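A.B. asks: Below is run.pdb; it holds PDB, C-alpha atoms.
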ATOM      1  CA  MET A  22     -12.863  24.119  15.837
ATOM      2  CA  ALA A  23     -13.538  20.613  17.142
ATOM      3  CA  SER A  24     -11.692  19.886  20.385
ATOM      4  CA  TRP A  25      -9.777  16.941  18.862
ATOM      5  CA  MET A  26      -8.498  19.296  16.187
ATOM      6  CA  TYR A  27      -7.369  21.824  18.785
ATOM      7  CA  TYR A  28      -5.481  19.148  20.709
ATOM      8  CA  SER A  29      -3.992  17.674  17.527
ATOM      9  CA  PHE A  30      -2.633  21.013  16.354
ATOM     10  CA  LEU A  31      -1.231  21.528  19.838
ATOM     11  CA  VAL A  32       0.584  18.177  19.473
ATOM     12  CA  ILE A  33       2.023  19.184  16.091
ATOM     13  CA  LEU A  34       3.127  22.550  17.460
ATOM     14  CA  LEU A  35       4.751  21.208  20.632
ATOM     15  CA  TRP A  36       6.455  18.153  19.117
ATOM     16  CA  GLY A  37       7.497  20.117  16.036
ATOM     17  CA  ILE A  38       9.231  22.685  18.241
ATOM     18  CA  VAL A  39      10.787  19.865  20.302
ATOM     19  CA  GLY A  40      12.579  18.705  17.139
ATOM     20  CA  LEU A  41      14.200  22.134  16.799
ATOM     21  CA  PHE A  42      15.088  22.306  20.506
ATOM     22  CA  GLN A  43      16.672  18.849  20.295
ATOM     23  CA  LYS A  44      19.105  20.086  17.672
ATOM     24  CA  LEU A  45      19.770  23.379  19.470
ATOM     25  CA  GLY A  46      20.253  21.509  22.753
ATOM     26  CA  THR A  47      22.865  19.156  21.343
ATOM     27  CA  ASN A  48      24.877  22.200  20.269
ATOM     28  CA  ARG A  49      25.138  23.204  23.944
ATOM     29  CA  ALA A  50      25.093  20.014  26.026
ATOM     30  CA  SER A  51      26.024  16.359  25.739
ATOM     31  CA  PRO A  52      23.350  13.766  24.864
ATOM     32  CA  SER A  53      23.478  12.237  28.360
ATOM     33  CA  SER A  54      23.140  15.649  30.004
ATOM     34  CA  LEU A  55      20.143  16.442  27.830
ATOM     35  CA  VAL A  56      18.469  13.155  28.818
ATOM     36  CA  ILE A  57      18.867  14.142  32.463
ATOM     37  CA  TRP A  58      17.607  17.707  31.954
ATOM     38  CA  LEU A  59      14.646  16.617  29.875
ATOM     39  CA  THR A  60      13.730  14.188  32.665
ATOM     40  CA  VAL A  61      13.697  17.225  34.954
ATOM     41  CA  GLY A  62      11.381  18.887  32.439
ATOM     42  CA  TYR A  63       9.072  15.875  32.514
ATOM     43  CA  GLY A  64       9.170  16.010  36.303
ATOM     44  CA  LEU A  65       8.030  19.642  36.322
ATOM     45  CA  LEU A  66       4.698  18.485  34.893
ATOM     46  CA  LEU A  67       4.076  15.967  37.701
ATOM     47  CA  PRO A  68       2.376  18.382  40.139
ATOM     48  CA  TRP A  69      -0.127  19.120  37.405
ATOM     49  CA  LEU A  70      -0.619  15.472  36.443
ATOM     50  CA  LEU A  71      -0.670  13.691  39.798
ATOM     51  CA  PRO A  72      -4.015  15.017  41.134
ATOM     52  CA  ASP A  73      -5.916  13.494  38.183
ATOM     53  CA  SER A  74      -3.952  10.248  38.024
ATOM     54  CA  ASN A  75      -5.198   6.784  38.929
ATOM     55  CA  LEU A  76      -1.812   5.244  39.673
ATOM     56  CA  LEU A  77      -3.137   3.311  42.649
ATOM     57  CA  GLY A  78      -5.724   1.640  40.438
ATOM     58  CA  LEU A  79      -3.148   0.228  38.045
ATOM     59  CA  THR A  80      -2.050  -3.394  38.021
ATOM     60  CA  TRP A  81       1.649  -4.159  38.377
ATOM     61  CA  GLY A  82       1.637  -5.231  34.732
ATOM     62  CA  ASP A  83       0.227  -1.889  33.578
ATOM     63  CA  PHE A  84       2.717  -0.072  35.770
ATOM     64  CA  LEU A  85       5.631  -2.071  34.413
ATOM     65  CA  ILE A  86       4.620  -1.492  30.787
ATOM     66  CA  GLY A  87       4.318   2.259  31.350
ATOM     67  CA  VAL A  88       7.696   2.484  33.071
ATOM     68  CA  LEU A  89       9.361   0.340  30.396
ATOM     69  CA  GLY A  90       7.844   2.708  27.843
ATOM     70  CA  GLY A  91       9.586   5.588  29.587
ATOM     71  CA  ILE A  92      12.903   3.746  29.670
ATOM     72  CA  THR A  93      12.825   2.768  25.998
ATOM     73  CA  ASN A  94      11.677   6.269  25.075
ATOM     74  CA  GLY A  95      14.608   7.690  27.017
ATOM     75  CA  LEU A  96      17.087   5.376  25.319
ATOM     76  CA  GLY A  97      15.673   6.345  21.934
ATOM     77  CA  VAL A  98      15.924  10.054  22.702
ATOM     78  CA  TRP A  99      19.486   9.527  23.906
ATOM     79  CA  ALA A 100      20.358   7.915  20.566
ATOM     80  CA  LEU A 101      18.621  10.738  18.705
ATOM     81  CA  PHE A 102      20.612  13.326  20.674
ATOM     82  CA  ALA A 103      23.805  11.439  19.839
ATOM     83  CA  SER A 104      22.974  11.450  16.127
ATOM     84  CA  LEU A 105      22.159  15.182  16.203
ATOM     85  CA  GLU A 106      25.350  15.903  18.142
ATOM     86  CA  THR A 107      27.424  14.090  15.528
ATOM     87  CA  GLY A 108      26.033  16.239  12.745
ATOM     88  CA  ALA A 109      22.626  14.907  11.725
ATOM     89  CA  LYS A 110      20.279  17.639  10.543
ATOM     90  CA  ALA A 111      17.067  18.091  12.546
ATOM     91  CA  SER A 112      15.149  18.222   9.268
ATOM     92  CA  VAL A 113      16.501  14.759   8.411
ATOM     93  CA  ALA A 114      16.786  12.977  11.773
ATOM     94  CA  VAL A 115      13.337  13.934  13.071
ATOM     95  CA  PRO A 116      11.339  12.626  10.052
ATOM     96  CA  LEU A 117      13.546   9.533   9.981
ATOM     97  CA  THR A 118      12.948   8.732  13.644
ATOM     98  CA  ALA A 119       9.241   9.384  13.194
ATOM     99  CA  LEU A 120       9.227   6.152  11.172
ATOM    100  CA  ASN A 121       9.380   4.211  14.454
ATOM    101  CA  PRO A 122       5.815   2.819  14.021
ATOM    102  CA  VAL A 123       7.380   0.432  11.489
ATOM    103  CA  ILE A 124       9.156  -1.328  14.371
ATOM    104  CA  THR A 125       5.976  -1.311  16.470
ATOM    105  CA  ILE A 126       4.037  -2.881  13.625
ATOM    106  CA  MET A 127       6.716  -5.515  13.036
ATOM    107  CA  LEU A 128       6.728  -6.419  16.733
ATOM    108  CA  ALA A 129       2.931  -6.561  16.759
ATOM    109  CA  LEU A 130       3.061  -8.915  13.770
ATOM    110  CA  VAL A 131       5.473 -11.276  15.517
ATOM    111  CA  PHE A 132       4.373 -11.142  19.160
ATOM    112  CA  LEU A 133       0.691 -10.184  19.014
ATOM    113  CA  GLY A 134      -0.244 -12.007  15.804
ATOM    114  CA  GLU A 135      -1.752  -8.829  14.362
ATOM    115  CA  ARG A 136      -2.446  -8.548  10.655
ATOM    116  CA  LEU A 137      -1.654  -5.555   8.457
ATOM    117  CA  THR A 138      -3.959  -3.731   6.105
ATOM    118  CA  ARG A 139      -2.853  -3.211   2.512
ATOM    119  CA  LEU A 140      -2.274   0.479   3.242
ATOM    120  CA  GLN A 141       0.034  -0.402   6.130
ATOM    121  CA  TRP A 142       2.073  -2.739   3.929
ATOM    122  CA  ILE A 143       2.446   0.088   1.420
ATOM    123  CA  GLY A 144       3.389   2.368   4.309
ATOM    124  CA  ILE A 145       6.128  -0.007   5.474
ATOM    125  CA  SER A 146       7.522  -0.280   1.939
ATOM    126  CA  LEU A 147       7.561   3.499   1.610
ATOM    127  CA  ALA A 148       9.167   3.852   5.042
ATOM    128  CA  ILE A 149      12.058   1.575   4.112
ATOM    129  CA  LEU A 150      12.593   3.429   0.848
ATOM    130  CA  ALA A 151      12.318   6.777   2.668
ATOM    131  CA  GLY A 152      14.919   5.691   5.219
ATOM    132  CA  VAL A 153      17.390   4.907   2.453
ATOM    133  CA  LEU A 154      16.726   8.185   0.612
ATOM    134  CA  ILE A 155      16.896  10.354   3.743
ATOM    135  CA  SER A 156      20.264   8.811   4.603
ATOM    136  CA  TYR A 157      21.700   9.887   1.265
ATOM    137  CA  GLU A 158      24.353  12.517   1.855
ATOM    138  CA  THR A 159      25.773  14.354  -1.116
ATOM    139  CA  ARG A 160      29.446  15.222  -1.231
ATOM    140  CA  PRO A 161      30.183  18.599   0.381
ATOM    141  CA  GLU A 162      31.632  21.018  -2.139
ATOM    142  CA  GLY A 163      35.407  20.937  -2.262
ATOM    143  CA  ILE A 164      35.752  17.844  -0.121
ATOM    144  CA  ALA A 165      36.705  14.607  -1.827
ATOM    145  CA  GLY A 166      35.840  11.161  -0.579
ATOM    146  CA  ALA A 167      32.509  11.948   1.063
ATOM    147  CA  GLY A 168      29.076  10.963  -0.152
ATOM    148  CA  GLY A 169      27.181   7.821  -0.963
ATOM    149  CA  LEU A 170      24.752   5.995   1.254
ATOM    150  CA  SER A 171      25.346   6.204   4.975
ATOM    151  CA  PRO A 172      23.421   4.708   7.883
ATOM    152  CA  GLY A 173      20.649   7.032   9.032
ATOM    153  CA  PRO A 174      20.274   8.076  12.644
ATOM    154  CA  VAL A 175      17.679   6.411  14.787
ATOM    155  CA  GLY A 176      16.010   7.762  17.870
ATOM    156  CA  SER A 177      12.885   8.573  19.765
ATOM    157  CA  GLY A 178       9.368   7.672  19.029
ATOM    158  CA  ARG A 179       6.133   9.197  19.944
ATOM    159  CA  HIS A 180       7.091  11.255  22.945
TER
ATOM    160  CA  MET B  83       0.800   7.190  31.114
ATOM    161  CA  GLN B  84       2.796  10.434  31.195
ATOM    162  CA  ILE B  85       3.560   9.888  34.880
ATOM    163  CA  LEU B  86       4.779   6.332  34.251
ATOM    164  CA  PHE B  87       6.909   7.599  31.362
ATOM    165  CA  THR B  88       8.463  10.129  33.727
ATOM    166  CA  ILE B  89       9.204   7.401  36.273
ATOM    167  CA  GLY B  90      10.844   5.335  33.509
ATOM    168  CA  MET B  91      12.935   8.300  32.422
ATOM    169  CA  ALA B  92      13.951   8.957  36.040
ATOM    170  CA  ILE B  93      15.059   5.327  36.360
ATOM    171  CA  LEU B  94      17.111   5.679  33.187
ATOM    172  CA  ALA B  95      18.825   8.937  34.171
ATOM    173  CA  PRO B  96      21.316   7.525  36.768
ATOM    174  CA  PRO B  97      22.660   4.769  34.443
ATOM    175  CA  VAL B  98      22.949   7.317  31.641
ATOM    176  CA  PHE B  99      25.037   9.474  33.944
ATOM    177  CA  LEU B 100      27.200   6.566  35.127
ATOM    178  CA  PHE B 101      27.824   5.127  31.668
ATOM    179  CA  SER B 102      28.630   8.465  30.055
ATOM    180  CA  THR B 103      31.240  11.043  30.967
ATOM    181  CA  ARG B 104      29.916  11.252  34.563
ATOM    182  CA  ARG B 105      29.606  14.970  34.081
ATOM    183  CA  ILE B 106      26.357  16.878  33.680
ATOM    184  CA  ASP B 107      26.621  19.949  31.479
ATOM    185  CA  THR B 108      25.285  22.959  33.347
ATOM    186  CA  ASN B 109      25.583  25.419  30.473
ATOM    187  CA  LYS B 110      22.531  27.626  31.040
ATOM    188  CA  THR B 111      21.330  27.495  27.451
ATOM    189  CA  GLY B 112      21.836  23.728  27.275
ATOM    190  CA  VAL B 113      19.928  23.235  30.539
ATOM    191  CA  MET B 114      17.131  25.473  29.273
ATOM    192  CA  TYR B 115      16.788  23.508  26.040
ATOM    193  CA  GLY B 116      16.895  20.180  27.917
ATOM    194  CA  ILE B 117      14.135  21.214  30.314
ATOM    195  CA  LEU B 118      12.069  22.784  27.534
ATOM    196  CA  ILE B 119      12.336  19.551  25.520
ATOM    197  CA  GLY B 120      10.953  17.646  28.518
ATOM    198  CA  VAL B 121       8.151  20.137  29.196
ATOM    199  CA  PHE B 122       7.109  20.501  25.545
ATOM    200  CA  ALA B 123       7.332  16.765  24.833
ATOM    201  CA  GLY B 124       5.369  16.032  27.999
ATOM    202  CA  LEU B 125       2.678  18.610  27.200
ATOM    203  CA  GLY B 126       2.529  17.252  23.651
ATOM    204  CA  GLY B 127       1.985  13.762  25.051
ATOM    205  CA  ILE B 128      -0.838  15.007  27.257
ATOM    206  CA  ALA B 129      -2.438  16.804  24.297
ATOM    207  CA  TYR B 130      -2.027  13.629  22.205
ATOM    208  CA  PHE B 131      -3.889  11.478  24.730
ATOM    209  CA  ALA B 132      -6.543  14.201  25.081
ATOM    210  CA  ALA B 133      -7.006  14.288  21.297
ATOM    211  CA  MET B 134      -7.270  10.500  21.232
ATOM    212  CA  ARG B 135      -9.892  10.601  23.976
ATOM    213  CA  VAL B 136     -12.189  13.106  22.277
ATOM    214  CA  GLY B 137     -11.462  12.261  18.622
ATOM    215  CA  LYS B 138     -11.224   9.227  16.395
ATOM    216  CA  ALA B 139      -7.866   7.466  16.594
ATOM    217  CA  SER B 140      -8.003   6.864  12.843
ATOM    218  CA  ILE B 141      -7.969  10.630  12.287
ATOM    219  CA  VAL B 142      -5.969  11.903  15.246
ATOM    220  CA  GLY B 143      -3.103   9.450  14.584
ATOM    221  CA  PRO B 144      -2.407  10.535  11.000
ATOM    222  CA  VAL B 145      -2.932  14.244  11.724
ATOM    223  CA  THR B 146      -0.574  14.386  14.703
ATOM    224  CA  SER B 147       2.053  12.314  12.871
ATOM    225  CA  LEU B 148       2.655  15.341  10.647
ATOM    226  CA  PHE B 149       4.685  17.062  13.377
ATOM    227  CA  PRO B 150       8.038  16.464  11.588
ATOM    228  CA  LEU B 151       6.836  18.893   8.913
ATOM    229  CA  LEU B 152       6.954  21.724  11.437
ATOM    230  CA  THR B 153      10.452  20.682  12.547
ATOM    231  CA  ILE B 154      11.608  20.778   8.921
ATOM    232  CA  VAL B 155      10.179  24.278   8.465
ATOM    233  CA  LEU B 156      11.659  25.524  11.756
ATOM    234  CA  ALA B 157      15.054  23.963  10.960
ATOM    235  CA  ALA B 158      15.059  25.718   7.592
ATOM    236  CA  ILE B 159      14.214  29.067   9.212
ATOM    237  CA  PHE B 160      16.315  28.989  12.382
ATOM    238  CA  LEU B 161      19.143  26.581  11.513
ATOM    239  CA  ASN B 162      19.334  27.329   7.807
ATOM    240  CA  GLU B 163      19.245  23.599   7.116
ATOM    241  CA  ARG B 164      18.957  22.571   3.496
ATOM    242  CA  MET B 165      18.269  19.088   2.190
ATOM    243  CA  ASN B 166      19.424  17.658  -1.098
ATOM    244  CA  LYS B 167      16.787  16.570  -3.627
ATOM    245  CA  VAL B 168      17.075  12.902  -2.718
ATOM    246  CA  GLN B 169      16.477  13.692   0.952
ATOM    247  CA  VAL B 170      13.480  15.877   0.076
ATOM    248  CA  VAL B 171      11.947  12.934  -1.788
ATOM    249  CA  GLY B 172      12.790  10.727   1.206
ATOM    250  CA  VAL B 173      11.084  13.078   3.652
ATOM    251  CA  VAL B 174       7.971  13.273   1.448
ATOM    252  CA  LEU B 175       7.871   9.467   1.307
ATOM    253  CA  ALA B 176       8.461   9.274   5.061
ATOM    254  CA  LEU B 177       5.527  11.584   5.776
ATOM    255  CA  ALA B 178       3.345   9.587   3.384
ATOM    256  CA  SER B 179       4.349   6.334   5.035
ATOM    257  CA  ILE B 180       3.713   7.735   8.530
ATOM    258  CA  LEU B 181       0.218   8.656   7.396
ATOM    259  CA  LEU B 182      -0.379   5.215   5.884
ATOM    260  CA  LEU B 183       0.956   3.412   8.958
ATOM    261  CA  SER B 184      -1.436   5.367  11.145
ATOM    262  CA  PHE B 185      -4.512   3.913   9.432
TER
END
Would you encode the structure as structure tokens?
C.D. replies:
Amino acid sequence: MASWMYYSFLVILLWGIVGLFQKLGTNRASPSSLVIWLTVGYGLLLPWLLPDSNLLGLTWGDFLIGVLGGITNGLGVWALFASLETGAKASVAVPLTALNPVITIMLALVFLGERLTRLQWIGISLAILAGVLISYETRPEGIAGAGGLSPGPVGSGRH
Amino acid sequence: MQILFTIGMAILAPPVFLFSTRRIDTNKTGVMYGILIGVFAGLGGIAYFAAMRVGKASIVGPVTSLFPLLTIVLAAIFLNERMNKVQVVGVVLALASILLLSF
């Protein structure tokens, strides 16, 4: 197996399991507590990462962008935890939040002047439609008044 | 990048604590899941950058973006989650769009 394939399957495995743990975690702890504990989890990897890092070679701009990435990622995860805590299914919230590249592409269009390929335009159209469909909740049996379109949860991006 | 992300998360943690209930849940299972989320997400990030380094971004991006599929399968097995037909169509479209956006 090519090494990129090995790493890619590892990504799918780890991030796929994270989606399950996110739902299980919100059954046991508040969203803010989970953000704090997952930061501890991130921190546990530092001793392994620091020896190979080139932090001292970074510019302040690079440093700031990386840190801001962590902050926005944390805020997104917090929102995802909140949506899961309030009843969103993992099988619905995780695919929905994985649509976050749509926002990245929109921002790149506006601020970086990037242009989209035809496939990406189709992808954005499908993403919007998917977001609407995923948010569709059917009426629970025996309960009147529920159902219809509801806002879908939003949350984290590429971890 | 993973280290900078961790620093950003560490900066975020105190305000999250202050603006929420000001109480950290110490339920053992909750703590375990929280830490595991951080470790697994962090390791996944490292694997992602490693895959990008040794493979083509145009292939690695779409392949790795399929991770929600595994969550859906695991949620069906362990949480007994079921989606209605409209949501199933939505998830299929979402996965297709994620693939297209990665190109």
A.B. asks: For the ChimeraX specification (/B :<6) & /A, applied here, can you spell out every residue it catches as a PyMOL selection string?
C.D. replies: chain A and resi 25+28-29+32-33+35-37+39-42+46+49-50+53-55+57-60+62-63+87-88+91-92+95+112+116+140-141+144+147-148+151+154-155+180
A.B. asks: Which distance in Å separates CA of Leu96 (chain A) and CA of Ala111 (chain A), to one decimal?
C.D. replies: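 So the answer is 18.0 Å.
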A.B. asks: What's the separation between CA of Tyr27 (chain A) and CA of Asp73 (chain A), in Å to one decimal place?
C.D. replies: 21.2 Å
A.B. asks: Could you tell me how far CA of Ala119 (chain A) sits from CA of Asp83 (chain A), in Å to one decimal place?
C.D. replies: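 CA of Ala119 (chain A) lies 25.0 Å from CA of Asp83 (chain A).
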A.B. asks: Write out N, CA and C atoms for region 49-83 of chain A, as an mmCIF file, in the coordinates of the input.
C.D. replies:
data_model
loop_
_atom_site.group_PDB
_atom_site.id
_atom_site.type_symbol
_atom_site.label_atom_id
_atom_site.label_comp_id
_atom_site.auth_asym_id
_atom_site.auth_seq_id
_atom_site.Cartn_x
_atom_site.Cartn_y
_atom_site.Cartn_z
ATOM 1 N N ARG A 49 24.733 22.591 22.682
ATOM 2 C CA ARG A 49 25.138 23.204 23.944
ATOM 3 C C ARG A 49 25.426 22.215 25.058
ATOM 4 N N ALA A 50 24.912 20.987 24.942
ATOM 5 C CA ALA A 50 25.093 20.014 26.026
ATOM 6 C C ALA A 50 25.220 18.621 25.433
ATOM 7 N N SER A 51 25.824 17.728 26.216
ATOM 8 C CA SER A 51 26.024 16.359 25.739
ATOM 9 C C SER A 51 24.689 15.612 25.716
ATOM 10 N N PRO A 52 24.594 14.542 24.915
ATOM 11 C CA PRO A 52 23.350 13.766 24.864
ATOM 12 C C PRO A 52 22.912 13.262 26.239
ATOM 13 N N SER A 53 23.861 12.770 27.045
ATOM 14 C CA SER A 53 23.478 12.237 28.360
ATOM 15 C C SER A 53 22.988 13.355 29.276
ATOM 16 N N SER A 54 23.615 14.524 29.192
ATOM 17 C CA SER A 54 23.140 15.649 30.004
ATOM 18 C C SER A 54 21.728 16.052 29.598
ATOM 19 N N LEU A 55 21.482 16.058 28.297
ATOM 20 C CA LEU A 55 20.143 16.442 27.830
ATOM 21 C C LEU A 55 19.075 15.454 28.301
ATOM 22 N N VAL A 56 19.432 14.148 28.329
ATOM 23 C CA VAL A 56 18.469 13.155 28.818
ATOM 24 C C VAL A 56 18.106 13.466 30.269
ATOM 25 N N ILE A 57 19.118 13.830 31.047
ATOM 26 C CA ILE A 57 18.867 14.142 32.463
ATOM 27 C C ILE A 57 18.025 15.416 32.601
ATOM 28 N N TRP A 58 18.364 16.449 31.846
ATOM 29 C CA TRP A 58 17.607 17.707 31.954
ATOM 30 C C TRP A 58 16.196 17.581 31.414
ATOM 31 N N LEU A 59 16.025 16.774 30.379
ATOM 32 C CA LEU A 59 14.646 16.617 29.875
ATOM 33 C C LEU A 59 13.803 15.810 30.852
ATOM 34 N N THR A 60 14.457 14.911 31.620
ATOM 35 C CA THR A 60 13.730 14.188 32.665
ATOM 36 C C THR A 60 13.258 15.177 33.736
ATOM 37 N N VAL A 61 14.100 16.166 34.022
ATOM 38 C CA VAL A 61 13.697 17.225 34.954
ATOM 39 C C VAL A 61 12.475 17.962 34.398
ATOM 40 N N GLY A 62 12.516 18.221 33.091
ATOM 41 C CA GLY A 62 11.381 18.887 32.439
ATOM 42 C C GLY A 62 10.105 18.071 32.555
ATOM 43 N N TYR A 63 10.227 16.765 32.334
ATOM 44 C CA TYR A 63 9.072 15.875 32.514
ATOM 45 C C TYR A 63 8.557 15.973 33.948
ATOM 46 N N GLY A 64 9.538 15.981 34.886
ATOM 47 C CA GLY A 64 9.170 16.010 36.303
ATOM 48 C C GLY A 64 8.416 17.270 36.689
ATOM 49 N N LEU A 65 8.707 18.382 36.004
ATOM 50 C CA LEU A 65 8.030 19.642 36.322
ATOM 51 C C LEU A 65 6.521 19.554 36.071
ATOM 52 N N LEU A 66 6.123 18.625 35.208
ATOM 53 C CA LEU A 66 4.698 18.485 34.893
ATOM 54 C C LEU A 66 3.956 17.629 35.928
ATOM 55 N N LEU A 67 4.713 16.909 36.769
ATOM 56 C CA LEU A 67 4.076 15.967 37.701
ATOM 57 C C LEU A 67 3.055 16.615 38.643
ATOM 58 N N PRO A 68 3.370 17.786 39.237
ATOM 59 C CA PRO A 68 2.376 18.382 40.139
ATOM 60 C C PRO A 68 1.031 18.642 39.453
ATOM 61 N N TRP A 69 1.095 18.871 38.168
ATOM 62 C CA TRP A 69 -0.127 19.120 37.405
ATOM 63 C C TRP A 69 -0.846 17.800 37.077
ATOM 64 N N LEU A 70 -0.052 16.755 36.878
ATOM 65 C CA LEU A 70 -0.619 15.472 36.443
ATOM 66 C C LEU A 70 -1.105 14.598 37.595
ATOM 67 N N LEU A 71 -0.385 14.636 38.708
ATOM 68 C CA LEU A 71 -0.670 13.691 39.798
ATOM 69 C C LEU A 71 -2.099 13.764 40.348
ATOM 70 N N PRO A 72 -2.673 14.965 40.549
ATOM 71 C CA PRO A 72 -4.015 15.017 41.134
ATOM 72 C C PRO A 72 -5.074 14.245 40.330
ATOM 73 N N ASP A 73 -4.907 14.169 39.014
ATOM 74 C CA ASP A 73 -5.916 13.494 38.183
ATOM 75 C C ASP A 73 -5.515 12.060 37.831
ATOM 76 N N SER A 74 -4.436 11.579 38.417
ATOM 77 C CA SER A 74 -3.952 10.248 38.024
ATOM 78 C C SER A 74 -4.685 9.148 38.793
ATOM 79 N N ASN A 75 -4.621 7.940 38.239
ATOM 80 C CA ASN A 75 -5.198 6.784 38.929
ATOM 81 C C ASN A 75 -4.122 5.717 39.114
ATOM 82 N N LEU A 76 -2.944 6.165 39.537
ATOM 83 C CA LEU A 76 -1.812 5.244 39.673
ATOM 84 C C LEU A 76 -2.127 4.080 40.603
ATOM 85 N N LEU A 77 -2.862 4.366 41.671
ATOM 86 C CA LEU A 77 -3.137 3.311 42.649
ATOM 87 C C LEU A 77 -4.082 2.247 42.095
ATOM 88 N N GLY A 78 -4.797 2.607 41.024
ATOM 89 C CA GLY A 78 -5.724 1.640 40.438
ATOM 90 C C GLY A 78 -5.087 0.761 39.367
ATOM 91 N N LEU A 79 -3.816 1.000 39.099
ATOM 92 C CA LEU A 79 -3.148 0.228 38.045
ATOM 93 C C LEU A 79 -2.680 -1.130 38.568
ATOM 94 N N THR A 80 -2.653 -2.109 37.664
ATOM 95 C CA THR A 80 -2.050 -3.394 38.021
ATOM 96 C C THR A 80 -0.536 -3.246 37.900
ATOM 97 N N TRP A 81 0.195 -4.202 38.490
ATOM 98 C CA TRP A 81 1.649 -4.159 38.377
ATOM 99 C C TRP A 81 2.081 -4.281 36.921
ATOM 100 N N GLY A 82 1.320 -5.062 36.150
ATOM 101 C CA GLY A 82 1.637 -5.231 34.732
ATOM 102 C C GLY A 82 1.514 -3.917 33.973
ATOM 103 N N ASP A 83 0.413 -3.200 34.229
ATOM 104 C CA ASP A 83 0.227 -1.889 33.578
ATOM 105 C C ASP A 83 1.348 -0.936 33.964
#
